[in-house]
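Shown next: target_31.pdb, containing PDB, C-alpha atoms.
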ATOM      1  CA  MET N   1      18.666 -22.009 -95.785
ATOM      2  CA  GLY N   2      19.712 -25.603 -96.405
ATOM      3  CA  ASP N   3      22.728 -27.359 -94.987
ATOM      4  CA  ASP N   4      24.628 -27.063 -98.269
ATOM      5  CA  ASP N   5      24.142 -23.291 -98.358
ATOM      6  CA  THR N   6      25.206 -23.039 -94.748
ATOM      7  CA  SER N   7      28.457 -24.903 -95.237
ATOM      8  CA  ASP N   8      29.196 -23.102 -98.511
ATOM      9  CA  LYS N   9      28.886 -19.675 -96.946
ATOM     10  CA  GLY N  10      30.479 -20.561 -93.635
ATOM     11  CA  TYR N  11      27.537 -19.472 -91.489
ATOM     12  CA  GLU N  12      28.395 -21.912 -88.749
ATOM     13  CA  ILE N  13      30.269 -21.664 -85.479
ATOM     14  CA  GLY N  14      30.520 -24.353 -82.864
ATOM     15  CA  GLY N  15      27.590 -26.177 -84.435
ATOM     16  CA  LEU N  16      25.364 -23.100 -84.488
ATOM     17  CA  PRO N  17      23.657 -22.456 -87.853
ATOM     18  CA  VAL N  18      25.066 -18.953 -88.255
ATOM     19  CA  TRP N  19      28.426 -17.295 -88.590
ATOM     20  CA  TYR N  20      29.348 -13.637 -88.185
ATOM     21  CA  HIS N  21      31.965 -11.577 -90.012
ATOM     22  CA  PRO N  22      33.709 -10.170 -86.887
ATOM     23  CA  LEU N  23      34.466 -13.693 -85.658
ATOM     24  CA  ARG N  24      35.720 -14.817 -89.062
ATOM     25  CA  LEU N  25      37.896 -11.710 -89.195
ATOM     26  CA  ASP N  26      39.421 -12.584 -85.803
ATOM     27  CA  MET N  27      40.404 -16.007 -87.127
ATOM     28  CA  TRP N  28      42.131 -14.542 -90.162
ATOM     29  CA  HIS N  29      45.239 -13.711 -88.141
ATOM     30  CA  SER N  30      45.873 -17.328 -87.205
ATOM     31  CA  LEU N  31      45.327 -18.713 -90.710
ATOM     32  CA  GLY N  32      48.648 -17.665 -92.240
ATOM     33  CA  ASP N  33      50.865 -20.236 -90.496
ATOM     34  CA  ILE N  34      48.347 -23.025 -91.164
ATOM     35  CA  GLN N  35      48.005 -22.093 -94.839
ATOM     36  CA  ARG N  36      51.783 -21.911 -95.314
ATOM     37  CA  ALA N  37      52.266 -25.309 -93.665
ATOM     38  CA  ASN N  38      49.566 -26.816 -95.876
ATOM     39  CA  LEU N  39      51.188 -25.264 -98.947
ATOM     40  CA  ARG N  40      54.461 -27.016 -98.124
ATOM     41  CA  GLU N  41      52.600 -30.304 -97.724
ATOM     42  CA  ARG N  42      50.846 -29.856-101.079
ATOM     43  CA  ILE N  43      54.148 -29.173-102.809
ATOM     44  CA  ARG N  44      55.733 -32.216-101.159
ATOM     45  CA  ALA N  45      52.783 -34.413-102.218
ATOM     46  CA  GLU N  46      52.877 -33.112-105.797
ATOM     47  CA  GLN N  47      56.621 -33.726-105.984
ATOM     48  CA  ALA N  48      56.188 -37.263-104.691
ATOM     49  CA  GLU N  49      53.394 -38.007-107.155
ATOM     50  CA  ALA N  50      55.578 -36.770-110.006
ATOM     51  CA  GLY N  51      58.541 -38.822-108.781
ATOM     52  CA  ALA N  52      60.524 -35.615-108.243
ATOM     53  CA  ASP N  53      62.826 -34.462-105.456
ATOM     54  CA  THR N  54      61.009 -34.287-102.059
ATOM     55  CA  SER N  55      63.977 -33.180 -99.988
ATOM     56  CA  GLU N  56      63.521 -30.213 -97.690
ATOM     57  CA  PRO N  57      65.724 -27.886 -99.808
ATOM     58  CA  ALA N  58      63.791 -28.763-102.989
ATOM     59  CA  VAL N  59      60.400 -28.327-101.346
ATOM     60  CA  GLU N  60      61.491 -25.059 -99.728
ATOM     61  CA  LYS N  61      62.721 -23.662-103.044
ATOM     62  CA  LEU N  62      59.379 -24.382-104.743
ATOM     63  CA  TYR N  63      57.496 -23.073-101.722
ATOM     64  CA  ARG N  64      59.324 -19.746-101.865
ATOM     65  CA  GLN N  65      58.537 -19.364-105.566
ATOM     66  CA  VAL N  66      54.812 -20.027-105.085
ATOM     67  CA  GLU N  67      54.571 -17.914-101.930
ATOM     68  CA  TYR N  68      56.370 -14.997-103.606
ATOM     69  CA  ALA N  69      54.019 -15.116-106.616
ATOM     70  CA  ASP N  70      51.028 -15.111-104.265
ATOM     71  CA  ARG N  71      52.429 -12.216-102.232
ATOM     72  CA  ARG N  72      52.857 -10.084-105.342
ATOM     73  CA  LYS N  73      49.107 -10.348-106.056
ATOM     74  CA  ARG N  74      47.927  -9.277-102.608
ATOM     75  CA  GLY N  75      47.384  -5.618-103.424
ATOM     76  CA  ASN N  76      47.227  -2.529-101.239
ATOM     77  CA  ASP N  77      48.118  -3.024 -97.558
ATOM     78  CA  TYR N  78      45.752  -0.216 -96.599
ATOM     79  CA  LEU N  79      42.611  -2.286 -97.192
ATOM     80  CA  PRO N  80      43.243  -4.947 -94.512
ATOM     81  CA  ILE N  81      44.670  -2.341 -92.114
ATOM     82  CA  PHE N  82      41.506  -0.248 -92.410
ATOM     83  CA  LEU N  83      39.248  -3.260 -91.837
ATOM     84  CA  ASN N  84      41.262  -4.381 -88.824
ATOM     85  CA  ASN N  85      40.999  -0.877 -87.345
ATOM     86  CA  ILE N  86      37.210  -0.971 -87.795
ATOM     87  CA  ARG N  87      37.081  -4.296 -85.952
ATOM     88  CA  LYS N  88      39.423  -2.981 -83.248
ATOM     89  CA  HIS N  89      37.129  -0.022 -82.598
ATOM     90  CA  HIS N  90      34.175  -2.414 -82.592
ATOM     91  CA  VAL N  91      35.857  -4.563 -79.903
ATOM     92  CA  GLU N  92      36.707  -1.480 -77.838
ATOM     93  CA  ASN N  93      32.977  -0.708 -77.770
ATOM     94  CA  GLY N  94      32.013  -4.174 -76.569
ATOM     95  CA  GLY N  95      32.022  -5.993 -79.907
ATOM     96  CA  ILE N  96      28.218  -6.289 -79.927
ATOM     97  CA  ILE N  97      26.616  -8.125 -82.860
ATOM     98  CA  PHE N  98      22.982  -7.466 -83.792
ATOM     99  CA  ASP N  99      21.541 -10.219 -85.962
ATOM    100  CA  MET N 100      18.902  -8.590 -88.184
ATOM    101  CA  ALA N 101      18.834 -11.293 -90.853
ATOM    102  CA  ARG N 102      15.179 -12.101 -90.133
ATOM    103  CA  ILE N 103      14.009  -8.502 -90.325
ATOM    104  CA  GLY N 104      16.475  -7.371 -92.996
ATOM    105  CA  PRO N 105      13.944  -7.520 -95.861
ATOM    106  CA  HIS N 106      11.420  -5.568 -93.749
ATOM    107  CA  LEU N 107      14.007  -2.875 -93.037
ATOM    108  CA  GLU N 108      15.025  -2.744 -96.675
ATOM    109  CA  ALA N 109      11.403  -2.179 -97.639
ATOM    110  CA  THR N 110      11.247   0.841 -95.314
ATOM    111  CA  TRP N 111      11.803   4.359 -96.594
ATOM    112  CA  THR N 112      13.756   6.960 -94.680
ATOM    113  CA  ASP N 113      12.684  10.535 -95.466
ATOM    114  CA  GLY N 114      13.698  13.803 -93.856
ATOM    115  CA  ILE N 115      15.818  12.201 -91.135
ATOM    116  CA  ALA N 116      19.347  13.146 -90.086
ATOM    117  CA  LEU N 117      21.522  11.000 -87.828
ATOM    118  CA  ARG N 118      22.886  13.627 -85.434
ATOM    119  CA  ASN N 119      21.110  12.202 -82.382
ATOM    120  CA  VAL N 120      20.608   8.602 -83.436
ATOM    121  CA  PHE N 121      21.535   6.145 -80.687
ATOM    122  CA  PRO N 122      22.462   2.656 -81.908
ATOM    123  CA  TRP N 123      23.557   1.450 -78.413
ATOM    124  CA  ARG N 124      27.287   2.064 -78.966
ATOM    125  CA  SER N 125      29.497   4.203 -81.152
ATOM    126  CA  ALA N 126      30.580   0.989 -82.892
ATOM    127  CA  ILE N 127      28.411  -2.076 -83.546
ATOM    128  CA  TYR N 128      28.099  -4.826 -86.142
ATOM    129  CA  VAL N 129      24.798  -5.649 -87.873
ATOM    130  CA  HIS N 130      24.332  -9.001 -89.616
ATOM    131  CA  VAL N 131      21.713  -9.061 -92.394
ATOM    132  CA  GLY N 132      22.527 -12.443 -93.932
ATOM    133  CA  GLU N 133      20.964 -12.990 -97.347
ATOM    134  CA  THR N 134      18.809  -9.841 -97.301
ATOM    135  CA  LEU N 135      20.521  -8.377-100.381
ATOM    136  CA  GLU N 136      20.799 -11.559-102.450
ATOM    137  CA  TYR N 137      18.495 -10.637-105.313
ATOM    138  CA  ASP N 138      21.109 -11.412-107.942
ATOM    139  CA  ARG N 139      23.662 -14.005-106.953
ATOM    140  CA  GLU N 140      25.748 -13.133-110.033
ATOM    141  CA  ASN N 141      26.333  -9.625-108.645
ATOM    142  CA  PRO N 142      29.023  -9.519-105.929
ATOM    143  CA  ALA N 143      27.242  -6.553-104.340
ATOM    144  CA  SER N 144      24.395  -8.944-103.554
ATOM    145  CA  LEU N 145      26.714 -10.957-101.327
ATOM    146  CA  ILE N 146      26.991  -8.221 -98.697
ATOM    147  CA  GLU N 147      26.002  -9.934 -95.466
ATOM    148  CA  GLY N 148      26.455  -7.215 -92.864
ATOM    149  CA  PHE N 149      27.997  -3.900 -91.889
ATOM    150  CA  TYR N 150      29.973  -2.217 -89.145
ATOM    151  CA  VAL N 151      28.513   1.047 -87.845
ATOM    152  CA  THR N 152      31.226   3.352 -86.516
ATOM    153  CA  HIS N 153      30.882   6.925 -85.301
ATOM    154  CA  SER N 154      33.501   9.083 -86.978
ATOM    155  CA  GLY N 155      34.760  12.521 -86.009
ATOM    156  CA  SER N 156      37.356  13.048 -88.734
ATOM    157  CA  PRO N 157      37.656  13.995 -91.515
ATOM    158  CA  LEU N 158      33.848  13.954 -91.664
ATOM    159  CA  ARG N 159      31.665  13.915 -88.554
ATOM    160  CA  GLY N 160      29.021  11.273 -88.968
ATOM    161  CA  TRP N 161      28.412   7.528 -89.144
ATOM    162  CA  MET N 162      30.781   5.355 -91.133
ATOM    163  CA  LEU N 163      29.158   2.257 -92.621
ATOM    164  CA  THR N 164      31.521  -0.563 -93.616
ATOM    165  CA  PHE N 165      29.665  -3.180 -95.676
ATOM    166  CA  VAL N 166      31.301  -6.605 -95.775
ATOM    167  CA  THR N 167      30.618  -9.657 -97.939
ATOM    168  CA  ASN N 168      30.345 -13.322 -97.112
ATOM    169  CA  TYR N 169      33.226 -15.767 -97.536
ATOM    170  CA  PRO N 170      32.529 -18.562-100.036
ATOM    171  CA  ASN N 171      33.918 -21.958 -99.075
ATOM    172  CA  TRP N 172      34.979 -20.854 -95.620
ATOM    173  CA  ASP N 173      35.356 -24.518 -94.659
ATOM    174  CA  ARG N 174      38.291 -24.708 -97.120
ATOM    175  CA  ARG N 175      40.077 -21.676 -95.653
ATOM    176  CA  GLU N 176      43.045 -23.609 -94.220
ATOM    177  CA  HIS N 177      43.919 -24.948 -97.674
ATOM    178  CA  GLU N 178      43.738 -21.623 -99.534
ATOM    179  CA  MET N 179      46.609 -19.340-100.392
ATOM    180  CA  PRO N 180      47.022 -16.375 -98.012
ATOM    181  CA  GLY N 181      46.416 -14.021-100.932
ATOM    182  CA  THR N 182      43.031 -15.602-101.623
ATOM    183  CA  THR N 183      42.001 -15.132 -98.003
ATOM    184  CA  ARG N 184      43.143 -11.542 -98.091
ATOM    185  CA  ARG N 185      41.158 -10.800-101.258
ATOM    186  CA  ASN N 186      38.026 -12.330 -99.735
ATOM    187  CA  PHE N 187      38.287 -10.190 -96.615
ATOM    188  CA  CYS N 188      39.070  -7.052 -98.611
ATOM    189  CA  ARG N 189      35.736  -7.229-100.455
ATOM    190  CA  TYR N 190      34.146  -4.388 -98.528
ATOM    191  CA  VAL N 191      32.829  -0.882 -99.121
ATOM    192  CA  ALA N 192      32.916   1.924 -96.549
ATOM    193  CA  PHE N 193      31.608   5.485 -96.580
ATOM    194  CA  THR N 194      30.496   8.067 -94.017
ATOM    195  CA  ILE N 195      27.042   9.647 -93.831
ATOM    196  CA  PRO N 196      27.362  13.188 -92.383
ATOM    197  CA  GLU N 197      25.307  13.402 -89.200
ATOM    198  CA  ASP N 198      23.494  16.551 -90.374
ATOM    199  CA  ALA N 199      22.564  15.180 -93.815
ATOM    200  CA  ASP N 200      19.092  14.109 -94.858
ATOM    201  CA  VAL N 201      19.826  10.471 -95.592
ATOM    202  CA  ALA N 202      17.131  10.344 -98.298
ATOM    203  CA  THR N 203      18.426  13.264-100.383
ATOM    204  CA  LEU N 204      22.188  13.031 -99.781
ATOM    205  CA  ASN N 205      24.257  12.799-102.984
ATOM    206  CA  TYR N 206      26.019   9.500-102.318
ATOM    207  CA  LYS N 207      28.059   9.757-105.508
ATOM    208  CA  LYS N 208      30.074  12.562-103.905
ATOM    209  CA  LEU N 209      30.976  10.602-100.776
ATOM    210  CA  LYS N 210      34.496   9.252-100.399
ATOM    211  CA  VAL N 211      34.387   5.481-100.780
ATOM    212  CA  ILE N 212      36.990   3.230 -99.157
ATOM    213  CA  GLY N 213      37.510  -0.418-100.047
ATOM    214  CA  ASP N 214      36.883  -2.531-103.119
ATOM    215  CA  LYS N 215      36.269  -0.097-105.980
ATOM    216  CA  GLU N 216      34.820  -2.772-108.269
ATOM    217  CA  LEU N 217      32.380  -3.831-105.580
ATOM    218  CA  ALA N 218      31.404  -0.197-105.054
ATOM    219  CA  LYS N 219      30.651   0.183-108.779
ATOM    220  CA  GLN N 220      28.201  -2.715-108.643
ATOM    221  CA  ALA N 221      26.455  -1.559-105.475
ATOM    222  CA  SER N 222      23.893   1.180-104.953
ATOM    223  CA  LEU N 223      25.384   3.263-102.152
ATOM    224  CA  TRP N 224      22.010   4.888-101.501
ATOM    225  CA  HIS N 225      20.440   1.453-101.251
ATOM    226  CA  LEU N 226      23.091   0.276 -98.777
ATOM    227  CA  ALA N 227      22.896   3.501 -96.782
ATOM    228  CA  ARG N 228      19.147   3.121 -96.401
ATOM    229  CA  LEU N 229      19.569  -0.363 -94.966
ATOM    230  CA  GLY N 230      22.285   0.822 -92.566
ATOM    231  CA  THR N 231      20.291   3.866 -91.537
ATOM    232  CA  ASN N 232      17.171   1.794 -90.943
ATOM    233  CA  ALA N 233      19.132  -0.530 -88.659
ATOM    234  CA  MET N 234      20.284   2.442 -86.575
ATOM    235  CA  LEU N 235      16.778   3.900 -86.433
ATOM    236  CA  TYR N 236      15.450   0.485 -85.398
ATOM    237  CA  LEU N 237      17.827   0.453 -82.431
ATOM    238  CA  SER N 238      16.812   4.036 -81.559
ATOM    239  CA  ARG N 239      13.235   3.053 -80.807
ATOM    240  CA  ALA N 240      11.925   3.370 -77.282
ATOM    241  CA  ARG N 241      11.615  -0.429 -77.045
ATOM    242  CA  PRO N 242      13.496  -2.197 -79.828
ATOM    243  CA  ASP N 243      12.822  -5.915 -80.056
ATOM    244  CA  VAL N 244      16.328  -7.049 -79.151
ATOM    245  CA  GLN N 245      16.857 -10.428 -77.539
ATOM    246  CA  GLY N 246      20.014 -12.065 -76.298
ATOM    247  CA  THR N 247      20.580 -15.462 -77.879
ATOM    248  CA  MET N 248      22.225 -18.652 -76.705
ATOM    249  CA  SER N 249      25.037 -17.702 -79.062
ATOM    250  CA  MET N 250      26.144 -14.975 -76.694
ATOM    251  CA  PHE N 251      27.281 -17.610 -74.234
ATOM    252  CA  SER N 252      29.220 -19.729 -76.718
ATOM    253  CA  ALA N 253      30.583 -17.205 -79.170
ATOM    254  CA  GLU N 254      34.105 -17.427 -77.814
ATOM    255  CA  THR N 255      36.001 -19.974 -79.857
ATOM    256  CA  SER N 256      39.654 -20.397 -80.636
ATOM    257  CA  ASP N 257      41.122 -17.187 -82.061
ATOM    258  CA  THR N 258      37.934 -15.104 -81.698
ATOM    259  CA  LYS N 259      37.046 -12.452 -79.154
ATOM    260  CA  LYS N 260      34.098 -13.064 -76.847
ATOM    261  CA  THR N 261      31.077 -10.997 -77.716
ATOM    262  CA  GLN N 262      27.367 -10.644 -77.152
ATOM    263  CA  ILE N 263      24.985 -11.523 -79.959
ATOM    264  CA  TYR N 264      21.432 -10.217 -80.066
ATOM    265  CA  GLU N 265      18.633 -11.266 -82.391
ATOM    266  CA  CYS N 266      16.253  -8.525 -83.485
ATOM    267  CA  GLY N 267      12.594  -8.490 -84.442
ATOM    268  CA  ALA N 268      11.692 -12.020 -83.419
ATOM    269  CA  ASP N 269       8.203 -11.169 -82.098
ATOM    270  CA  GLU N 270       6.866  -8.171 -83.986
ATOM    271  CA  LEU N 271       6.623  -8.766 -87.717
ATOM    272  CA  ASP N 272       4.472 -10.498 -90.290
ATOM    273  CA  TRP N 273       6.435 -13.619 -91.156
ATOM    274  CA  SER N 274       3.928 -14.727 -93.817
ATOM    275  CA  ILE N 275       5.352 -12.382 -96.486
ATOM    276  CA  ASP N 276       6.779 -14.311 -99.425
ATOM    277  CA  TRP N 277       9.858 -12.266-100.284
ATOM    278  CA  SER N 278      10.384 -14.119-103.552
ATOM    279  CA  LYS N 279       7.269 -12.321-104.830
ATOM    280  CA  ALA N 280       5.658  -9.605-102.734
ATOM    281  CA  THR N 281       3.797  -6.316-103.229
ATOM    282  CA  LEU N 282       4.039  -4.007-100.232
ATOM    283  CA  SER N 283       3.269  -0.571 -98.998
ATOM    284  CA  PRO N 284       6.674   0.735 -97.806
ATOM    285  CA  GLY N 285       7.513   0.907 -94.134
ATOM    286  CA  ARG N 286       8.196   4.319 -92.630
ATOM    287  CA  TRP N 287       9.623   5.982 -89.549
ATOM    288  CA  ILE N 288       7.897   8.297 -87.098
ATOM    289  CA  VAL N 289      10.262  10.472 -85.069
ATOM    290  CA  ASP N 290       8.703  10.943 -81.633
ATOM    291  CA  ASP N 291      11.682  12.928 -80.375
ATOM    292  CA  PRO N 292      14.419  14.259 -82.690
ATOM    293  CA  GLY N 293      16.742  14.448 -79.678
ATOM    294  CA  GLY N 294      19.211  17.134 -78.741
ATOM    295  CA  GLU N 295      21.016  18.496 -75.686
ATOM    296  CA  GLY N 296      22.031  15.025 -74.579
ATOM    297  CA  ARG N 297      18.723  13.401 -75.517
ATOM    298  CA  PRO N 298      18.890  10.576 -78.072
ATOM    299  CA  MET N 299      16.453  10.414 -80.950
ATOM    300  CA  VAL N 300      13.378   8.254 -80.302
ATOM    301  CA  THR N 301      11.675   6.636 -83.287
ATOM    302  CA  ARG N 302       8.676   4.448 -84.043
ATOM    303  CA  TRP N 303       8.581   1.997 -86.906
ATOM    304  CA  VAL N 304       5.611   1.345 -89.143
ATOM    305  CA  PRO N 305       6.736  -1.873 -90.898
ATOM    306  CA  PRO N 306       5.951  -2.585 -94.556
ATOM    307  CA  LYS N 307       2.610  -4.230 -95.164
ATOM    308  CA  GLY N 308       1.592  -6.750 -97.795
ATOM    309  CA  LEU N 309      -1.024  -5.545-100.303
ATOM    310  CA  LEU N 310      -3.587  -7.756-101.991
ATOM    311  CA  PRO N 311      -4.564  -6.747-105.567
ATOM    312  CA  PRO N 312      -7.740  -4.783-104.592
ATOM    313  CA  ASP N 313      -5.876  -2.949-101.810
ATOM    314  CA  ARG N 314      -3.001  -2.237-104.184
ATOM    315  CA  GLU N 315      -5.233  -0.501-106.733
ATOM    316  CA  LYS N 316      -6.899   1.682-104.104
ATOM    317  CA  TYR N 317      -3.518   2.478-102.528
ATOM    318  CA  LEU N 318      -2.092   3.599-105.868
ATOM    319  CA  LYS N 319      -5.225   5.593-106.724
ATOM    320  CA  ASP N 320      -4.849   7.497-103.458
ATOM    321  CA  GLY N 321      -1.315   8.516-104.452
ATOM    322  CA  GLY N 322       0.634   5.863-102.582
ATOM    323  CA  LYS N 323       3.688   3.969-103.814
ATOM    324  CA  VAL N 324       4.279   0.267-103.655
ATOM    325  CA  LEU N 325       7.369  -1.916-103.522
ATOM    326  CA  GLU N 326       7.392  -5.017-105.667
ATOM    327  CA  PHE N 327       9.836  -7.734-104.700
ATOM    328  CA  ASN N 328      10.770 -10.748-106.754
ATOM    329  CA  ALA N 329      13.617 -13.225-106.577
ATOM    330  CA  ARG N 330      16.111 -11.013-108.417
ATOM    331  CA  ASN N 331      15.275  -7.375-107.806
ATOM    332  CA  MET N 332      13.174  -4.810-106.040
ATOM    333  CA  VAL N 333      11.285  -2.047-107.874
ATOM    334  CA  ALA N 334       9.376   0.917-106.440
ATOM    335  CA  LYS N 335       6.320   1.776-108.498
ATOM    336  CA  GLU N 336       3.883   4.649-108.253
TER
END

In structure tokens, what does this structure look like?
Amino acid sequence: MGDDDTSDKGYEIGGLPVWYHPLRLDMWHSLGDIQRANLRERIRAEQAEAGADTSEPAVEKLYRQVEYADRRKRGNDYLPIFLNNIRKHHVENGGIIFDMARIGPHLEATWTDGIALRNVFPWRSAIYVHVGETLEYDRENPASLIEGFYVTHSGSPLRGWMLTFVTNYPNWDRREHEMPGTTRRNFCRYVAFTIPEDADVATLNYKKLKVIGDKELAKQASLWHLARLGTNAMLYLSRARPDVQGTMSMFSAETSDTKKTQIYECGADELDWSIDWSKATLSPGRWIVDDPGGEGRPMVTRWVPPKGLLPPDREKYLKDGGKVLEFNARNMVAKE
């Protein structure tokens, strides 16, 4: 990812080349006063440039008109309240962030069959998983801009694992000069649904699940596709020895207006990094359940990662009844 992409998407904190949604969300609450002050300054500057009245009463009158118009477009209060509650529960469970951006494509190319999540053990009952640009096959589709998800265990109204998928924030470096309504709309681009803990994640009818969040975003996303990525992240963390490493970020993640957390990078030492994800033919990854868990025992899984197939291997693999995944820059297709 080049410097321009990094600054455009806001994946930077304290000079580090990444940024995580929970920390951006923490900073949201301090932005309002700064944005309102900057709005007043913009109005004053525009008045001065036009040779108009720059007195405090005149500026305040225009400010109130613009701020009121922005407030009327902010939409349902439930959306930000829900997201803040998800983050609150995340913080109460330690606020751990797992950075799976490097292994995200490998997880996405892994199939999950015949597995339920009753005894899955993703370290806490609330975590955040960062997958970065894993889903960016089509940059024109907002659903491709999902950069991570909160995993939250839910007991009501449906017992299972709630997955809250959040998008990136374009032009984060301009946040202090935006209108509060714009910031709110950016943060409210999320989709949440709960996978029942007894359901087979591969055969569950995702169209019947209650979806919370941005309805337009949900229409453009494949809920089954998202659920598979979220499920694979949980199964990855349920392995006997997941490749999870603390990073230097965990010591410097506390900045102004964010809550201190621990950040772990996943999969740094175990995968084939030679795969060209802009054009790849793979045999899908799969999961082996060594212990389904129960009676206080967590599930224990093993991961067989996806493997690149050369043309001769591909033909033999297909002849033997296997399926392949073909990746290119804009989409992923499973072919028999």

Explicit residue set for the PyMOL selection byres ((chain N and resi 209-218) around 6), as a PyMOL selection string: chain N and resi 143+189-193+206-208+219-221

Shell of 6 Å around range 81-90 of chain N, only C-alpha atoms, local chain residues under 4 positions omitted, as a compact mmCIF listing (two decimals) with C-alpha atoms, in the frame of the given file:
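Here's the written file selection.txt:
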# COMPACT_ATOMS: atom_id res chain seq x y z
CA GLY N 95 32.02 -5.99 -79.91
CA ALA N 126 30.58 0.99 -82.89
CA ILE N 127 28.41 -2.08 -83.55

Minimum-distance residue to His21 in chain N, chosen among N:Gln35, N:Gln245, N:Thr258, N:Ser238 (using all atoms listed in the file):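 Using all atoms listed in the file, the shortest distance to His21 in chain N belongs to N:Thr258.
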
Shortest interatomic distance to Ala101 in chain N - which of N:Gly267, N:Glu178, N:Arg228, N:Arg64, counting only C-alpha atoms: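 Of N:Gly267, N:Glu178, N:Arg228, N:Arg64, the one nearest Ala101 in chain N, counting only C-alpha atoms, is N:Gly267.
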
Contacts of Leu282 in chain N within 6 Å, all atoms listed in the file, excl. fewer than 3 positions in-chain, as JSON, numbers by chain: {"N": [307, 308, 309, 324, 325]}

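For the residues N:Ala45, N:Cys266, N:Leu226, N:Cys188, ranking by smallest atom-to-atom distance to Ala109 in chain N using all atoms listed in the file places N:Leu226 first.
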
Answer key for the PyMOL selection byres ((chain N and resi 187) around 12), residues as number ranges by chain: N: 21-22, 24-29, 74, 79-84, 146, 165-170, 172, 175, 180-186, 188-191, 213-214

Produce the centre coordinates and the three edge lengths, each in Å to one decimal, of the box along x, y and z that contains all listed atoms of range 238-243 of chain N with 3 Å added on each side, as JSON.
{"center_x": 14.2, "center_y": -0.9, "center_z": -79.3, "size_x": 11.2, "size_y": 16.0, "size_z": 10.5}

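Interatomic distance, CA of Arg42 in chain N against CA of Glu67 in chain N: 12.5 Å.
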
Distance in Å - CA of Lys279 in chain N versus CA of Pro305 in chain N: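 Taking CA of Lys279 in chain N as the start and CA of Pro305 in chain N as the end point, the length is 17.4 Å.
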
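For the choices N:Ile43, N:Ile115, N:Ile195, N:Leu229, the atom-to-atom distance to Asp290 in chain N is smallest for N:Ile115 when using only C-alpha atoms.
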
Selected residue of minimal separation from Ala268 in chain N among N:Gly294, N:Ala199, N:Arg102, N:Asp53, counting all atoms listed in the file: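 Nearest to Ala268 in chain N: N:Arg102.
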
Å distance separating CA of Ile288 in chain N from CA of Pro196 in chain N, one decimal place: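 CA of Pro196 in chain N lies 20.8 Å from CA of Ile288 in chain N.
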
Contacts of Arg159 in chain N within 12 Å, only C-alpha atoms, excl. fewer than 2 positions in-chain, as a list in words: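 After dropping sequence-adjacent residues, the list is Leu117, Arg118, Thr152, His153, Ser154, Gly155, Ser156, Pro157, Trp161, Met162, Phe193, Thr194, Ile195, Pro196, Glu197, Asp198 and Ala199 of chain N.
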
For the structure shown, which residues end up in the PyMOL selection byres ((chain N and resi 56) around 12)? Put them as a compact mmCIF listing (two decimals) with C-alpha atoms, keeping the file's coordinate frame, please?
# COMPACT_ATOMS: atom_id res chain seq x y z
CA ARG N 40 54.46 -27.02 -98.12
CA GLU N 41 52.60 -30.30 -97.72
CA ILE N 43 54.15 -29.17 -102.81
CA ARG N 44 55.73 -32.22 -101.16
CA GLN N 47 56.62 -33.73 -105.98
CA ASP N 53 62.83 -34.46 -105.46
CA THR N 54 61.01 -34.29 -102.06
CA SER N 55 63.98 -33.18 -99.99
CA PRO N 57 65.72 -27.89 -99.81
CA ALA N 58 63.79 -28.76 -102.99
CA VAL N 59 60.40 -28.33 -101.35
CA GLU N 60 61.49 -25.06 -99.73
CA LYS N 61 62.72 -23.66 -103.04
CA LEU N 62 59.38 -24.38 -104.74
CA TYR N 63 57.50 -23.07 -101.72

Write out as an mmCIF file with C-alpha atoms, in the frame of the given file which residues come within 10 Å of Phe121 in chain N when counting only C-alpha atoms, dropping same-chain ones fewer than 3 positions away.
data_model
loop_
_atom_site.group_PDB
_atom_site.id
_atom_site.type_symbol
_atom_site.label_atom_id
_atom_site.label_comp_id
_atom_site.auth_asym_id
_atom_site.auth_seq_id
_atom_site.Cartn_x
_atom_site.Cartn_y
_atom_site.Cartn_z
ATOM 1 C CA LEU N 117 21.522 11.000 -87.828
ATOM 2 C CA ARG N 118 22.886 13.627 -85.434
ATOM 3 C CA ARG N 124 27.287 2.064 -78.966
ATOM 4 C CA SER N 125 29.497 4.203 -81.152
ATOM 5 C CA MET N 234 20.284 2.442 -86.575
ATOM 6 C CA LEU N 235 16.778 3.900 -86.433
ATOM 7 C CA TYR N 236 15.450 0.485 -85.398
ATOM 8 C CA LEU N 237 17.827 0.453 -82.431
ATOM 9 C CA SER N 238 16.812 4.036 -81.559
ATOM 10 C CA ARG N 239 13.235 3.053 -80.807
ATOM 11 C CA GLY N 293 16.742 14.448 -79.678
ATOM 12 C CA ARG N 297 18.723 13.401 -75.517
ATOM 13 C CA PRO N 298 18.890 10.576 -78.072
ATOM 14 C CA MET N 299 16.453 10.414 -80.950
ATOM 15 C CA VAL N 300 13.378 8.254 -80.302
#

Residue nearest Thr231 in chain N among N:Val304, N:Leu107, N:Ala69, N:Val91 (counting all atoms listed in the file):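 Smallest distance to Thr231 in chain N is found for N:Leu107.
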
Take the structure in the block and write a file for range 294-298 of chain N, N, CA and C atoms, as a tab-separated table (two decimals), in the first residue's frame.
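So out.tsv came out as:
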chain	number	residue	atom	x	y	z
N	294	GLY	N	-17.07	-28.87	24.44
N	294	GLY	CA	-18.26	-29.22	25.22
N	294	GLY	C	-17.90	-29.42	26.67
N	295	GLU	N	-18.87	-29.19	27.55
N	295	GLU	CA	-18.67	-29.35	28.99
N	295	GLU	C	-17.46	-28.54	29.47
N	296	GLY	N	-17.42	-27.28	29.04
N	296	GLY	CA	-16.35	-26.40	29.47
N	296	GLY	C	-15.10	-26.45	28.61
N	297	ARG	N	-15.05	-27.38	27.65
N	297	ARG	CA	-13.89	-27.48	26.77
N	297	ARG	C	-14.13	-26.64	25.52
N	298	PRO	N	-13.18	-25.77	25.15
N	298	PRO	CA	-13.34	-25.02	23.91
N	298	PRO	C	-13.04	-25.89	22.70
